[in-house]
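What follows is the content of protein.tsv (TSV, C-alpha atoms).
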```tsv
chain	number	residue	atom	x	y	z
N	17	MET	CA	13.21	37.64	15.41
N	18	LEU	CA	12.49	36.96	19.09
N	19	LEU	CA	15.16	34.23	19.25
N	20	ILE	CA	17.75	36.38	17.50
N	21	GLN	CA	17.28	39.10	20.11
N	22	ASN	CA	17.21	36.73	23.08
N	23	GLY	CA	18.30	33.13	22.43
N	24	MET	CA	17.84	32.09	26.07
N	25	ASP	CA	14.17	33.15	26.41
N	26	SER	CA	12.26	29.88	27.11
N	27	GLN	CA	8.91	31.41	26.11
N	28	ALA	CA	10.31	32.52	22.75
N	29	ILE	CA	11.79	29.05	22.18
N	30	GLU	CA	8.44	27.40	22.91
N	31	ARG	CA	6.63	29.89	20.65
N	32	VAL	CA	9.05	29.13	17.76
N	33	LYS	CA	8.56	25.37	18.33
N	34	ASP	CA	4.77	25.75	18.23
N	35	LEU	CA	4.90	27.85	15.07
N	36	THR	CA	7.27	25.38	13.39
N	37	GLU	CA	4.91	22.49	14.16
N	38	GLU	CA	2.01	24.57	12.81
N	39	VAL	CA	3.87	25.25	9.54
N	40	ILE	CA	4.73	21.53	9.15
N	41	LYS	CA	1.07	20.60	9.77
N	42	TRP	CA	-0.18	23.07	7.12
N	43	ASN	CA	2.46	21.89	4.63
N	44	HIS	CA	1.28	18.30	5.05
N	45	LEU	CA	-2.32	19.42	4.60
N	46	GLU	CA	-1.43	21.34	1.43
N	47	GLU	CA	0.40	18.26	0.09
N	48	LYS	CA	-2.68	16.10	0.69
N	49	ILE	CA	-4.96	18.63	-1.01
N	50	ILE	CA	-2.70	18.74	-4.09
N	51	MET	CA	-2.66	14.93	-4.22
N	52	GLN	CA	-6.46	14.80	-3.97
N	53	ARG	CA	-6.82	17.40	-6.74
N	54	SER	CA	-4.56	15.37	-9.03
N	55	LYS	CA	-6.67	12.27	-8.32
N	56	ILE	CA	-9.86	14.20	-9.16
N	57	ASP	CA	-8.30	15.45	-12.41
N	58	TRP	CA	-7.32	11.89	-13.28
N	59	LEU	CA	-10.83	10.58	-12.56
N	60	LYS	CA	-12.36	13.31	-14.73
N	61	MET	CA	-9.97	13.18	-17.68
N	62	GLY	CA	-7.57	10.27	-17.24
N	63	ASP	CA	-9.34	7.50	-19.12
N	64	GLU	CA	-10.26	9.63	-22.10
N	65	ASN	CA	-8.17	9.53	-25.24
N	66	SER	CA	-7.21	13.15	-24.65
N	67	THR	CA	-4.19	15.45	-24.61
N	68	PHE	CA	-4.31	15.29	-20.79
N	69	PHE	CA	-3.90	11.51	-20.91
N	70	TYR	CA	-0.90	11.67	-23.27
N	71	ALA	CA	0.70	14.55	-21.34
N	72	TYR	CA	0.33	12.48	-18.16
N	73	LEU	CA	1.99	9.44	-19.78
N	74	LYS	CA	4.83	11.57	-21.17
N	75	THR	CA	5.47	13.18	-17.77
N	76	LYS	CA	5.38	9.82	-16.01
N	77	GLN	CA	7.85	8.35	-18.52
N	78	LYS	CA	10.23	11.31	-18.07
N	79	THR	CA	10.24	10.99	-14.28
N	80	LYS	CA	11.09	7.29	-14.50
N	81	SER	CA	13.88	7.55	-17.06
N	82	ILE	CA	17.58	8.15	-16.45
N	83	ILE	CA	18.77	10.91	-18.80
N	84	MET	CA	22.13	11.59	-17.14
N	85	LEU	CA	24.55	9.67	-14.94
N	86	ARG	CA	27.67	10.86	-13.14
N	87	LYS	CA	30.44	8.27	-12.92
N	88	ASN	CA	32.76	7.86	-9.90
N	89	ASP	CA	35.51	9.76	-11.71
N	90	GLY	CA	33.19	12.77	-12.18
N	91	THR	CA	32.48	12.37	-15.90
N	92	VAL	CA	28.87	12.73	-17.00
N	93	ILE	CA	27.19	10.23	-19.34
N	94	THR	CA	24.12	11.24	-21.36
N	95	LYS	CA	23.93	8.57	-24.09
N	96	GLN	CA	21.49	5.79	-23.20
N	97	LYS	CA	23.82	3.00	-24.37
N	98	TYR	CA	26.63	4.16	-22.04
N	99	ILE	CA	24.23	4.72	-19.13
N	100	GLU	CA	23.04	1.13	-19.49
N	101	GLN	CA	26.64	-0.17	-19.61
N	102	GLU	CA	27.61	1.84	-16.51
N	103	ILE	CA	24.63	0.55	-14.49
N	104	LEU	CA	25.30	-3.05	-15.49
N	105	GLU	CA	28.98	-2.68	-14.55
N	106	PHE	CA	28.05	-1.13	-11.20
N	107	TYR	CA	25.79	-4.06	-10.28
N	108	ARG	CA	28.32	-6.60	-11.56
N	109	SER	CA	30.94	-5.09	-9.25
N	110	LEU	CA	28.52	-5.35	-6.32
N	111	MET	CA	27.89	-9.01	-7.05
N	112	GLY	CA	31.61	-9.80	-7.13
N	113	THR	CA	33.22	-12.73	-8.89
N	114	ASP	CA	33.33	-16.47	-8.22
N	115	SER	CA	36.08	-17.55	-5.86
N	116	PRO	CA	36.99	-21.23	-5.34
N	117	ASN	CA	38.93	-20.39	-2.15
N	118	LEU	CA	36.55	-18.96	0.41
N	119	VAL	CA	38.13	-17.58	3.58
N	120	HIS	CA	36.73	-19.47	6.57
N	121	ILE	CA	35.34	-17.81	9.68
N	122	ASN	CA	37.92	-17.07	12.34
N	123	VAL	CA	36.36	-18.82	15.34
N	124	GLU	CA	38.89	-17.34	17.79
N	125	ALA	CA	38.03	-13.78	16.72
N	126	MET	CA	34.30	-14.60	16.97
N	127	ARG	CA	34.71	-15.86	20.56
N	128	LYS	CA	36.57	-12.72	21.62
N	129	GLY	CA	33.79	-10.42	20.37
N	130	LYS	CA	30.39	-9.72	21.93
N	131	GLN	CA	28.03	-12.67	21.95
N	132	VAL	CA	24.29	-13.02	22.23
N	133	ASN	CA	23.15	-14.19	25.67
N	134	TRP	CA	20.51	-16.89	26.26
N	135	GLU	CA	17.55	-14.50	26.63
N	136	GLN	CA	18.52	-12.69	23.43
N	137	ARG	CA	18.73	-16.03	21.59
N	138	VAL	CA	15.24	-17.01	22.75
N	139	TYR	CA	13.91	-13.58	21.72
N	140	LEU	CA	15.53	-13.80	18.26
N	141	GLN	CA	13.96	-17.24	17.72
N	142	SER	CA	10.49	-16.21	18.89
N	143	ASN	CA	7.64	-15.73	16.41
N	144	VAL	CA	7.11	-12.31	14.83
N	145	THR	CA	4.07	-10.72	16.41
N	146	LEU	CA	1.20	-8.85	14.77
N	147	SER	CA	2.17	-5.64	16.58
N	148	GLU	CA	5.78	-5.90	15.27
N	149	ILE	CA	4.50	-6.27	11.70
N	150	GLU	CA	2.08	-3.35	12.07
N	151	THR	CA	4.79	-1.16	13.66
N	152	ALA	CA	7.13	-1.93	10.76
N	153	LEU	CA	4.42	-1.02	8.22
N	154	LYS	CA	3.59	2.23	10.00
N	155	GLY	CA	7.30	3.13	9.95
N	156	ILE	CA	7.41	3.15	6.13
N	157	GLY	CA	6.71	6.55	4.57
N	158	ASP	CA	3.54	6.76	2.44
N	159	LEU	CA	5.38	8.26	-0.53
N	160	LYS	CA	8.34	5.86	-0.58
N	161	SER	CA	9.10	4.16	-3.89
N	162	LEU	CA	6.81	1.34	-5.00
N	163	GLY	CA	7.64	-2.31	-4.73
N	164	VAL	CA	7.95	-4.71	-7.67
N	165	ASP	CA	4.17	-5.24	-7.55
N	166	GLY	CA	3.59	-1.50	-8.06
N	167	TYR	CA	2.07	-0.98	-4.60
N	168	GLY	CA	3.49	1.45	-2.07
N	169	ALA	CA	3.13	1.55	1.70
N	170	LYS	CA	0.10	3.87	1.36
N	171	PHE	CA	-1.85	1.06	-0.36
N	172	TYR	CA	-1.01	-1.47	2.38
N	173	LYS	CA	-1.91	0.99	5.14
N	174	SER	CA	-5.22	2.07	3.61
N	175	SER	CA	-6.36	-1.49	2.80
N	176	TRP	CA	-4.83	-3.12	5.88
N	177	ASN	CA	-8.13	-4.41	7.30
N	178	ILE	CA	-8.73	-6.31	4.00
N	179	ILE	CA	-5.24	-7.71	3.28
N	180	LYS	CA	-3.94	-8.01	6.84
N	181	GLU	CA	-4.36	-11.79	7.19
N	182	ASP	CA	-2.62	-12.56	3.87
N	183	VAL	CA	0.32	-10.25	4.56
N	184	ILE	CA	0.78	-11.56	8.11
N	185	SER	CA	0.65	-15.20	7.00
N	186	ALA	CA	3.25	-14.51	4.25
N	187	ILE	CA	5.58	-12.80	6.76
N	188	GLN	CA	5.13	-15.50	9.41
N	189	GLU	CA	5.69	-18.24	6.81
N	190	PHE	CA	9.03	-16.62	5.96
N	191	PHE	CA	10.14	-16.54	9.61
N	192	SER	CA	8.90	-20.04	10.47
N	193	GLN	CA	9.81	-21.96	7.28
N	194	GLY	CA	12.42	-19.73	5.67
N	195	LYS	CA	10.40	-19.48	2.46
N	196	MET	CA	10.09	-16.16	0.68
N	197	HIS	CA	8.29	-15.53	-2.58
N	198	SER	CA	11.04	-14.62	-5.06
N	199	ASN	CA	9.40	-11.29	-6.03
N	200	PHE	CA	9.70	-9.98	-2.46
N	201	ASN	CA	13.46	-9.84	-2.79
N	202	LYS	CA	13.75	-8.28	-6.27
N	203	THR	CA	14.62	-4.82	-7.44
N	204	VAL	CA	13.82	-3.60	-10.91
N	205	VAL	CA	16.15	-1.28	-12.82
N	206	THR	CA	14.45	-0.34	-16.08
N	207	LEU	CA	16.41	1.34	-18.83
N	208	ASN	CA	14.56	3.16	-21.61
N	209	ASN	CA	15.49	2.27	-25.14
N	210	CYS	CA	15.60	5.90	-26.19
N	211	LYS	CA	15.45	6.62	-29.93
N	212	ASP	CA	15.58	10.44	-29.70
N	213	SER	CA	18.66	12.30	-30.92
N	214	HIS	CA	19.40	13.79	-27.48
N	215	CYS	CA	19.90	10.37	-25.81
```
Transcribe the structure of this file into C-alpha cells.
Amino acid sequence: MLLIQNGMDSQAIERVKDLTEEVIKWNHLEEKIIMQRSKIDWLKMGDENSTFFYAYLKTKQKTKSIIMLRKNDGTVITKQKYIEQEILEFYRSLMGTDSPNLVHINVEAMRKGKQVNWEQRVYLQSNVTLSEIETALKGIGDLKSLGVDGYGAKFYKSSWNIIKEDVISAIQEFFSQGKMHSNFNKTVVTLNNCKDSHC
C-alpha cells in the first residue's frame, strides 16, 4: 500500500524488499517442514504392507506417467500407444538422419569471427579445480530432477564429505583423459504400458 501511494519513497521500497525476503525465507522453511513430515510419515508407515504404502506407490506412479501430450499442431493425444509414437518420432527428428555428404567447415568464415587468445587457450586447457566442481554442485537446485542413478543434487550435497574424492576423480578423469562413464550422459524416458480403459 505504501508503494502504491508513493512509489519514489526509498524507505517504503526498502521495507517492501525486507518483507519480501522475509516471506521467501518463511516459505522455504515451510517447504522444509513439509518435506521432513513426509519423511517421518514414510519412516513410520512406509515399509509396512499397508494402505499408506500402496497409496504412496500409486501417487508416485501417477506423477511419473504421461497421460496427455500436446503435439506441435495443437492436437492432444491421450492414448498411450500414440503418446509413445509421438515421443519416439520427436527424438528421431532430433537425432537426424545419416548423410554421406557432410558440409565441411568454412575456414575463411572461422578466421573472420572472434577467436580465443593465448591466455584463454591456456585457461581452457587447465585442470578443473576442486572449487570449480564444488561451485557447480552448489549451483544445482536441491529439488531438480534425479539423474539416471536416482540421486539428486541434494544427495550429493548432503554426503559430499563422504563421496567427494570419488566424484572429483571421475570428473578430473573425464577432463584429462576424455573418458566418461556411459551412464553420465544418458537420459531415461519411461513410458507406462497402461492397460486401463482411459489410456
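Between N:Gly155 and the candidates N:Arg137, N:Lys170, N:Lys48, N:Lys87, the tightest atom-to-atom separation, counting only C-alpha atoms, involves N:Lys170.
For the atom pair formed by atom CA of N:Leu110 and atom CA of N:Lys160, the distance is 23.8 Å, given to one decimal.
Taking atom CA of N:Ser142 and atom CA of N:Asn177 as the two end points, the separation is 24.9 Å.
Among N:Ile179, N:Ile121, N:Leu146, N:Met84, the residue with the shortest atom-to-atom distance to N:Ile103, counting all atoms listed in the file, is N:Met84.
The spacing separating atom CA of N:Thr67 from atom CA of N:Ile49 amounts to 23.8 Å.
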Residue with smallest distance to N:Ala152 - pool N:Trp134, N:Lys173, N:Leu140, N:Tyr107, counting only C-alpha atoms: N:Lys173
